[in-house]
Each structure stands twice: as C-alpha cells, then as structure tokens.
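The structure file entry-v2.csv is reproduced below (CSV, C-alpha atoms).
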chain,number,residue,atom,x,y,z
A,114,MET,CA,191.9,-22.4,176.0
A,115,LEU,CA,189.1,-24.9,176.8
A,116,ASN,CA,186.3,-23.6,178.9
A,117,PRO,CA,187.0,-25.2,182.3
A,118,ASP,CA,183.3,-25.7,182.8
A,119,LEU,CA,183.3,-28.3,180.0
A,120,VAL,CA,185.5,-30.6,182.0
A,121,GLY,CA,183.4,-33.5,183.3
A,122,SER,CA,180.6,-32.9,180.8
A,123,THR,CA,179.5,-35.8,178.6
A,124,PHE,CA,178.3,-35.6,175.0
A,125,GLU,CA,176.0,-38.3,173.8
A,126,GLY,CA,176.6,-39.3,170.2
A,127,ALA,CA,173.5,-38.5,168.2
A,128,THR,CA,173.8,-41.3,165.7
A,129,SER,CA,174.7,-45.0,166.0
A,130,THR,CA,177.2,-46.8,163.9
A,131,THR,CA,176.8,-50.3,162.7
A,132,ILE,CA,180.1,-52.0,162.5
A,133,SER,CA,180.6,-53.6,159.1
A,134,ALA,CA,182.6,-56.6,158.2
A,135,GLU,CA,184.2,-54.6,155.4
A,136,SER,CA,185.4,-51.9,157.8
A,137,ILE,CA,187.0,-54.4,160.2
A,138,ALA,CA,188.6,-56.2,157.2
A,139,ALA,CA,190.0,-53.0,155.8
A,140,PHE,CA,191.4,-52.0,159.2
A,141,ALA,CA,192.9,-55.4,159.9
A,142,MET,CA,194.4,-55.7,156.5
A,143,ALA,CA,195.9,-52.2,156.8
A,144,LEU,CA,197.7,-53.6,159.8
A,145,GLY,CA,198.9,-56.6,157.8
A,146,GLU,CA,196.4,-59.1,159.2
A,147,SER,CA,194.2,-61.5,157.3
A,148,ASP,CA,191.9,-62.5,160.3
A,149,THR,CA,189.0,-60.2,159.8
A,150,HIS,CA,186.4,-61.5,162.2
A,151,ILE,CA,187.1,-59.7,165.4
A,152,ALA,CA,188.2,-56.1,165.3
A,153,PRO,CA,191.8,-55.3,166.2
A,154,PRO,CA,192.2,-53.9,169.7
A,155,THR,CA,192.8,-50.3,168.3
A,156,TYR,CA,189.8,-50.4,165.9
A,157,ALA,CA,187.7,-48.4,168.4
A,158,ILE,CA,189.7,-45.3,167.4
A,159,THR,CA,187.8,-45.2,164.1
A,160,ILE,CA,184.7,-44.4,166.1
A,161,SER,CA,186.0,-42.6,169.2
A,162,LEU,CA,188.4,-40.1,167.6
A,163,GLU,CA,185.8,-38.6,165.4
A,164,GLN,CA,183.5,-38.3,168.4
A,165,SER,CA,186.3,-36.7,170.5
A,166,GLN,CA,186.8,-34.2,167.8
A,167,ALA,CA,183.1,-33.4,167.6
A,168,VAL,CA,183.1,-32.9,171.3
A,169,LEU,CA,186.0,-30.4,171.2
A,170,GLU,CA,184.9,-28.6,168.1
A,171,GLY,CA,183.9,-25.0,168.9
A,172,SER,CA,185.9,-25.2,172.1
A,173,GLY,CA,188.4,-22.6,170.9
A,174,LEU,CA,191.2,-25.2,170.6
A,175,ASP,CA,193.2,-25.1,167.4
A,176,TRP,CA,193.0,-28.5,165.6
A,177,SER,CA,195.9,-27.7,163.3
A,178,ARG,CA,198.1,-27.8,166.4
A,179,VAL,CA,197.0,-31.1,167.8
A,180,VAL,CA,199.2,-34.0,168.6
A,181,HIS,CA,198.0,-37.4,169.9
A,182,GLY,CA,199.8,-37.8,173.3
A,183,ASP,CA,198.5,-40.9,174.9
A,184,GLN,CA,195.9,-43.6,174.0
A,185,ARG,CA,194.3,-46.3,176.2
A,186,PHE,CA,191.7,-48.9,175.5
A,187,ALA,CA,189.7,-51.0,178.0
A,188,ILE,CA,187.9,-53.8,176.1
A,189,ASN,CA,185.0,-55.4,177.9
A,190,LYS,CA,183.6,-57.0,174.8
A,191,PRO,CA,185.6,-57.2,171.5
A,192,LEU,CA,184.0,-55.4,168.6
A,193,THR,CA,182.6,-57.6,165.8
A,194,ALA,CA,180.7,-57.0,162.6
A,195,GLY,CA,177.0,-56.2,163.1
A,196,MET,CA,177.3,-54.5,166.5
A,197,VAL,CA,175.3,-51.3,166.7
A,198,ILE,CA,177.4,-48.8,168.6
A,199,THR,CA,176.6,-45.4,170.1
A,200,CYS,CA,179.5,-43.4,171.5
A,201,ASN,CA,179.4,-41.0,174.5
A,202,SER,CA,182.4,-38.8,175.1
A,203,THR,CA,183.4,-37.1,178.3
A,204,ILE,CA,186.0,-34.5,178.7
A,205,GLU,CA,187.9,-36.0,181.7
A,206,SER,CA,190.6,-33.4,182.2
A,207,ALA,CA,192.2,-30.3,180.7
A,208,ARG,CA,195.4,-28.8,181.9
A,209,MET,CA,198.1,-26.4,180.7
A,210,VAL,CA,201.7,-27.6,180.7
A,211,ALA,CA,204.4,-25.2,179.4
A,212,GLY,CA,201.8,-23.4,177.3
A,213,ASN,CA,200.5,-26.6,175.8
A,214,GLU,CA,196.9,-27.6,176.6
A,215,ILE,CA,196.5,-31.2,177.4
A,216,VAL,CA,193.0,-32.6,177.1
A,217,THR,CA,191.9,-36.1,177.9
A,218,VAL,CA,188.6,-37.4,176.4
A,219,ARG,CA,187.1,-40.7,177.3
A,220,SER,CA,184.8,-42.2,174.7
A,221,ASP,CA,182.5,-45.1,175.7
A,222,LEU,CA,181.4,-47.3,172.8
A,223,ILE,CA,178.1,-48.7,174.0
A,224,GLU,CA,176.2,-51.7,172.6
A,225,SER,CA,172.8,-52.6,174.0
A,226,GLY,CA,173.2,-50.3,177.0
A,227,GLU,CA,176.6,-51.7,178.0
A,228,VAL,CA,180.0,-50.3,177.5
A,229,ALA,CA,181.9,-52.6,175.0
A,230,VAL,CA,185.0,-50.5,174.8
A,231,SER,CA,186.3,-47.4,176.6
A,232,SER,CA,188.9,-45.3,174.8
A,233,TRP,CA,190.9,-42.6,176.4
A,234,SER,CA,192.6,-40.1,174.0
A,235,THR,CA,195.0,-37.5,175.4
A,236,LEU,CA,195.4,-34.7,172.9
A,237,VAL,CA,198.1,-32.1,173.1
A,238,PHE,CA,197.3,-28.7,171.6
A,239,ARG,CA,200.7,-27.2,171.0
A,240,ALA,CA,201.3,-23.6,172.0
P,62,MET,CA,199.6,-70.2,173.1
P,63,SER,CA,202.4,-71.4,175.2
P,64,THR,CA,202.2,-70.7,179.0
P,65,LEU,CA,203.3,-67.3,180.0
P,66,THR,CA,205.3,-66.8,183.2
P,67,ALA,CA,206.2,-63.7,185.1
P,68,GLY,CA,209.5,-62.3,184.0
P,69,GLN,CA,209.4,-64.0,180.7
P,70,VAL,CA,210.9,-62.1,177.8
P,71,LEU,CA,208.9,-62.6,174.5
P,72,ALA,CA,210.5,-62.9,171.2
P,73,PRO,CA,210.7,-59.7,169.2
P,74,LYS,CA,209.0,-59.2,165.9
P,75,THR,CA,209.8,-56.7,163.1
P,76,TYR,CA,207.1,-54.8,161.2
P,77,ILE,CA,207.7,-52.8,158.1
P,78,ILE,CA,206.3,-49.2,157.8
P,79,ASN,CA,206.3,-47.4,154.4
P,80,ARG,CA,204.4,-44.7,152.6
P,81,ALA,CA,202.1,-47.2,150.9
P,82,ALA,CA,201.1,-48.7,154.2
P,83,LEU,CA,200.3,-45.2,155.6
P,84,VAL,CA,197.9,-44.5,152.7
P,85,THR,CA,196.2,-47.9,153.3
P,86,TYR,CA,195.9,-47.2,157.0
P,87,ALA,CA,194.6,-43.6,156.4
P,88,ASN,CA,191.8,-45.0,154.2
P,89,ALA,CA,190.9,-47.8,156.6
P,90,SER,CA,191.0,-45.6,159.7
P,91,GLY,CA,189.6,-42.4,158.3
P,92,ASP,CA,192.5,-40.4,159.6
P,93,GLN,CA,193.5,-38.4,156.4
P,94,ASN,CA,195.7,-35.9,158.1
P,95,PRO,CA,198.2,-34.9,155.4
P,96,ILE,CA,201.2,-35.1,157.7
P,97,HIS,CA,201.0,-38.8,157.3
P,98,GLN,CA,201.0,-38.7,153.4
P,99,ASN,CA,202.2,-35.5,152.0
P,100,GLU,CA,205.9,-34.7,152.4
P,101,GLU,CA,205.6,-31.1,151.4
P,102,PHE,CA,202.8,-30.5,153.9
P,103,ALA,CA,204.6,-32.3,156.7
P,104,LYS,CA,207.7,-30.2,156.2
P,105,SER,CA,205.6,-27.0,156.0
P,106,VAL,CA,204.5,-27.6,159.6
P,107,GLY,CA,208.0,-28.2,160.9
P,108,LEU,CA,208.2,-32.0,160.7
P,109,GLU,CA,211.4,-33.7,159.4
P,110,ASN,CA,209.3,-35.7,156.8
P,111,VAL,CA,206.1,-37.6,156.6
P,112,ILE,CA,205.4,-39.4,160.0
P,113,ALA,CA,203.4,-42.5,160.7
P,114,HIS,CA,200.0,-42.2,162.4
P,115,GLY,CA,200.7,-42.9,166.1
P,116,MET,CA,197.6,-45.1,166.0
P,117,TYR,CA,199.1,-47.1,163.1
P,118,THR,CA,202.3,-47.8,165.1
P,119,MET,CA,200.1,-48.7,168.1
P,120,GLY,CA,197.9,-50.9,165.8
P,121,LEU,CA,200.9,-52.9,164.7
P,122,VAL,CA,201.8,-53.4,168.4
P,123,GLY,CA,198.2,-54.4,168.9
P,124,GLN,CA,198.7,-57.2,166.4
P,125,TYR,CA,201.9,-58.3,168.2
P,126,ILE,CA,199.9,-58.5,171.5
P,127,SER,CA,197.0,-60.3,169.9
P,128,GLU,CA,199.4,-62.9,168.6
P,129,ILE,CA,200.8,-63.5,172.1
P,130,ALA,CA,197.3,-63.7,173.5
P,131,GLY,CA,196.3,-66.2,170.8
P,132,SER,CA,193.3,-64.1,169.8
P,133,ARG,CA,192.2,-60.5,169.6
P,134,SER,CA,189.3,-61.3,171.8
P,135,LYS,CA,191.7,-61.9,174.7
P,136,VAL,CA,193.1,-58.3,174.7
P,137,LYS,CA,191.5,-56.6,177.7
P,138,GLU,CA,193.6,-53.4,178.1
P,139,PHE,CA,196.1,-51.7,175.9
P,140,SER,CA,197.8,-48.3,176.3
P,141,ALA,CA,200.7,-46.3,174.9
P,142,ARG,CA,202.3,-42.9,174.9
P,143,PHE,CA,203.4,-41.4,171.6
P,144,THR,CA,206.9,-40.4,172.6
P,145,LYS,CA,208.7,-40.0,169.2
P,146,PRO,CA,207.3,-39.8,165.7
P,147,VAL,CA,208.1,-42.6,163.3
P,148,VAL,CA,209.6,-40.7,160.3
P,149,VAL,CA,208.9,-42.4,157.0
P,150,PRO,CA,210.9,-41.0,154.0
P,151,ALA,CA,209.8,-41.8,150.5
P,152,ASP,CA,210.8,-45.2,149.0
P,153,THR,CA,211.9,-46.4,152.4
P,154,ASP,CA,210.9,-49.4,154.5
P,155,VAL,CA,211.2,-48.3,158.2
P,156,GLU,CA,211.6,-51.2,160.6
P,157,LEU,CA,209.5,-51.2,163.8
P,158,VAL,CA,210.9,-53.7,166.3
P,159,VAL,CA,208.4,-54.8,168.9
P,160,SER,CA,209.1,-57.0,172.0
P,161,ALA,CA,207.5,-57.5,175.4
P,162,THR,CA,208.1,-58.8,178.9
P,163,VAL,CA,205.5,-60.5,181.1
P,164,VAL,CA,205.4,-58.3,184.2
P,165,GLU,CA,203.1,-60.4,186.3
P,166,ILE,CA,200.3,-63.0,186.2
P,167,VAL,CA,197.2,-61.9,188.2
P,168,ASP,CA,193.6,-63.2,188.2
P,169,GLY,CA,194.0,-65.2,185.0
P,170,CYS,CA,195.5,-62.3,183.1
P,171,ALA,CA,199.1,-61.5,182.0
P,172,LYS,CA,200.3,-58.0,182.3
P,173,LEU,CA,202.8,-57.1,179.6
P,174,GLU,CA,205.2,-54.3,179.2
P,175,VAL,CA,206.0,-53.6,175.5
P,176,SER,CA,208.9,-52.0,173.8
P,177,ALA,CA,208.6,-50.5,170.3
P,178,THR,CA,211.6,-49.0,168.6
P,179,CYS,CA,212.7,-47.7,165.2
P,180,ASN,CA,216.5,-47.5,164.5
P,181,ASP,CA,217.0,-48.3,168.2
P,182,VAL,CA,214.9,-45.2,169.2
P,183,LYS,CA,211.9,-45.8,171.4
P,184,VAL,CA,208.8,-44.5,169.6
P,185,LEU,CA,206.2,-45.6,172.1
P,186,GLY,CA,206.5,-45.2,175.9
P,187,MET,CA,204.5,-46.6,178.8
P,188,THR,CA,203.2,-49.3,176.4
P,189,LYS,CA,201.2,-51.8,178.4
P,190,ALA,CA,198.7,-54.5,177.8
P,191,VAL,CA,196.6,-56.9,179.8
P,192,ILE,CA,195.6,-60.2,178.1
P,193,LEU,CA,193.5,-63.1,179.2
P,194,LEU,CA,195.3,-66.3,179.7
Turn the structure described in the file into structure tokens.
Amino acid sequence: MLNPDLVGSTFEGATSTTISAESIAAFAMALGESDTHIAPPTYAITISLEQSQAVLEGSGLDWSRVVHGDQRFAINKPLTAGMVITCNSTIESARMVAGNEIVTVRSDLIESGEVAVSSWSTLVFRA
Amino acid sequence: MSTLTAGQVLAPKTYIINRAALVTYANASGDQNPIHQNEEFAKSVGLENVIAHGMYTMGLVGQYISEIAGSRSKVKEFSARFTKPVVVPADTDVELVVSATVVEIVDGCAKLEVSATCNDVKVLGMTKAVILL
C-alpha cells in the first residue's frame, strides 16, 4: 500500500525533454495520421507516464498488477517540436476500493515556467 | 469546420486496430508492456488475448476529436475511462467505432460527449472533450 504521507507530494523531474519532430511524427503516424506538426492530444502520455512510474517506484506498489483506469489531459498550449519540457508529478490521491489501490497522479508538462499540458493518470493496482 | 450546435450528433468514424498497429504504437509511445503484443504472455496473466493499449484507443479517439475541431491545436481538454479492454486476436482487424454528440456550446468552446465501441461493446466510458470553436 502507498504510504499515505506521499499523497500531495510533488516530484520534480530531474531532466528536461526536448520534443523532437521525429517523435511527434512517429506518434501521429502510429495513430494513422500524416499531419506531424502539432502533437496529437494524447502525446503528453509519452512524457507523463514514465514520470508517474518514476514517482511511484519504490512505493511498495506492484507494477505487474497495474491497470490504467482513467486518463485526462488539459492542454493550455499544444506540444510542438523543439519545446523543452520538464515534468513535475504530484500524487493527488490514493484510496482502497475492494482491495484495489487506486492512485491518481497529475503530471504537469512545463515549458518556460508555464504549464503547457496537465495529465492526470489514474492507475489501479489490482489486489 | 462546419458550425457546431448543441445537441448535434456527429457522424461516426471507424478505425481499424490490429496487431501490427499495436507494435507500431508501442514503439512510438514507449509502452512496451507485453500484454499488448505477446499472446502467450497476455494469456499467462489472465487476459483473453492480446489487448490494445488503452492510450492507443484513446489516441484514435483523439484523432476523431481533432478532426471535428479542425486542428489538434483546438483540443483543450480530453478525458476517458478505460472500461473494457479491446481484445485483438492475431490476424484480425478489430473495428473501433467512434461517434460524438455536442453537449453544449460555452465561451467559444464546444463540449463533446464521445462514444467508442468495439462489436457494440462500449470500450471507453465518460469520454469527454472540450474544443475551441
């Protein structure tokens, strides 16, 4: 079970990611799209999910039992090639439902000090 | 983009999901969980067969929404719940049918409620988007 003291804590990503045109193109094309300029609305997951996992690593939760429950994006500024992004993740909530632990992590993708995209991932750790 | 009005039902679109598409998505997204590629592994953890990444299904819906908006840059909010896995047997094209309804028009934005089904089974729940008009 997640240490309840971790709820509300924020972990600042140590490294920044420069979004490449190639990674946007590969992601868009995997979704069957040829427009490769602006990242698809779900592209932020390629940055935020890794960060969410890093945040929860060592928390005692079993990653082999995880299921993605919910996902939400708020897009203030669409992601495009060349943007330099840092990602801060906050454990917003953790609760037990029928033996499953349900954890919501918000990841803020920040460019030049402003949040470009916020991504909320709710992960269900099955009993 | 044509003008959207509250209550408007938008034309459905069908997307094809197959094993090759899941491998391409895994490489592009970095999500290499074997349940999305390896049938033996998927079955060993109690799944019926290989299942699509929830984020792949949501990504296809994102393309549908972007198309309605006229540009990806107009998608402001997008959310979904992964209610049922999309099972993808070998050598099979699974059809994902996506449609949407305009719930309301507020402050220059349209709020959409989206439906995503495979074989008439809802695979995403609570799927909503806000797009700039």
When you look at Leu174 (chain A) with a cut-off of 9 Å (counting only C-alpha atoms), what residues show up, excluding the ones that are within fewer than 4 positions of it in the same chain? I need them as a PDB file with C-alpha atoms, in the coordinates of the input.
ATOM      1  CA  MET A 114     191.900 -22.400 176.000  1.00  0.00           C
ATOM      2  CA  LEU A 115     189.100 -24.900 176.800  1.00  0.00           C
ATOM      3  CA  LEU A 169     186.000 -30.400 171.200  1.00  0.00           C
ATOM      4  CA  GLU A 170     184.900 -28.600 168.100  1.00  0.00           C
ATOM      5  CA  ARG A 178     198.100 -27.800 166.400  1.00  0.00           C
ATOM      6  CA  VAL A 179     197.000 -31.100 167.800  1.00  0.00           C
ATOM      7  CA  GLU A 214     196.900 -27.600 176.600  1.00  0.00           C
ATOM      8  CA  PHE A 238     197.300 -28.700 171.600  1.00  0.00           C
TER       9      PHE A 238
END
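Taking all atoms listed in the file, the non-local environment of Ala194 (chain A) within 6 Å (same-chain residues fewer than 2 positions away omitted) comprises Ile132, Ser133, Ala134 and Met196 of chain A.
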Using only C-alpha atoms, which residues of chain A come within 12 Å of chain P, and what is the closest atom pair for each, with the distance in Å to one decimal? Give it as a tab-separated table, sorted by chain and residue number.
residue	atom	partner	partner_atom	distance
A:Glu135	CA	P:Ala89	CA	9.6
A:Ser136	CA	P:Ala89	CA	7.0
A:Ile137	CA	P:Ala89	CA	8.5
A:Ala138	CA	P:Ala89	CA	8.7
A:Ala139	CA	P:Ala89	CA	5.3
A:Phe140	CA	P:Ala89	CA	5.0
A:Ala141	CA	P:Ala89	CA	8.5
A:Met142	CA	P:Thr85	CA	8.6
A:Ala143	CA	P:Tyr86	CA	5.0
A:Leu144	CA	P:Leu121	CA	5.9
A:Gly145	CA	P:Leu121	CA	8.1
A:Glu146	CA	P:Gln124	CA	7.8
A:Ser147	CA	P:Gln124	CA	11.0
A:Asp148	CA	P:Arg133	CA	9.5
A:Thr149	CA	P:Arg133	CA	10.3
A:His150	CA	P:Arg133	CA	9.5
A:Ile151	CA	P:Arg133	CA	6.7
A:Ala152	CA	P:Arg133	CA	7.3
A:Pro153	CA	P:Arg133	CA	6.2
A:Pro154	CA	P:Gly123	CA	6.1
A:Thr155	CA	P:Gly120	CA	5.7
A:Tyr156	CA	P:Ser90	CA	7.9
A:Ala157	CA	P:Ser90	CA	9.7
A:Ile158	CA	P:Ser90	CA	7.8
A:Thr159	CA	P:Ser90	CA	5.5
A:Ile160	CA	P:Ser90	CA	9.1
A:Ser161	CA	P:Ser90	CA	11.1
A:Leu162	CA	P:Asp92	CA	9.0
A:Glu163	CA	P:Gly91	CA	8.9
A:Gln166	CA	P:Asp92	CA	11.8
A:Trp176	CA	P:Asn94	CA	10.9
A:Ser177	CA	P:Val106	CA	9.4
A:Arg178	CA	P:Val106	CA	9.3
A:Val179	CA	P:Asn94	CA	10.9
A:Val180	CA	P:Phe143	CA	9.0
A:His181	CA	P:Phe143	CA	6.9
A:Gly182	CA	P:Phe143	CA	5.4
A:Asp183	CA	P:Arg142	CA	4.3
A:Gln184	CA	P:Ser140	CA	5.6
A:Arg185	CA	P:Ser140	CA	4.0
A:Phe186	CA	P:Phe139	CA	5.2
A:Ala187	CA	P:Glu138	CA	4.6
A:Ile188	CA	P:Lys137	CA	4.8
A:Asn189	CA	P:Lys137	CA	6.6
A:Lys190	CA	P:Ser134	CA	7.7
A:Pro191	CA	P:Ser134	CA	5.5
A:Leu192	CA	P:Ser134	CA	8.6
A:Thr193	CA	P:Ser134	CA	9.7
A:Ala229	CA	P:Lys137	CA	10.7
A:Val230	CA	P:Lys137	CA	9.4
A:Ser231	CA	P:Glu138	CA	9.6
A:Ser232	CA	P:Ser140	CA	9.5
A:Trp233	CA	P:Ser140	CA	9.0
A:Ser234	CA	P:Ser140	CA	10.0
A:Thr235	CA	P:Arg142	CA	9.1
A:Leu236	CA	P:Phe143	CA	10.5
A:Val237	CA	P:Phe143	CA	10.8
Legend entry - CA of Cys200 (chain A) to CA of Asp221 (chain A), distance in Å rounded to a single decimal: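 Interatomic distance here is 5.4 Å.
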Legend entry - Between CA of Val182 (chain P) and CA of Thr153 (chain P) - distance in Å to one decimal: 17.1 Å
Inset, instruction - Using CA of Gly131 (chain P) and CA of Val197 (chain A) as the two end points, give the distance in Å to one decimal. - result: 26.1 Å
Legend entry - Exercise: residues within 7 Å of coordinate (203.2, -23.9, 172.9), counting only C-alpha atoms, as a PyMOL selection string: chain A and resi 211-213+239-240
Legend entry - Spatial neighbours of region 168-175 of chain P, 7 Å, all atoms listed in the file, chain gap at least 2 places, as a ChimeraX atom specification: /P:160-166,177,188-194
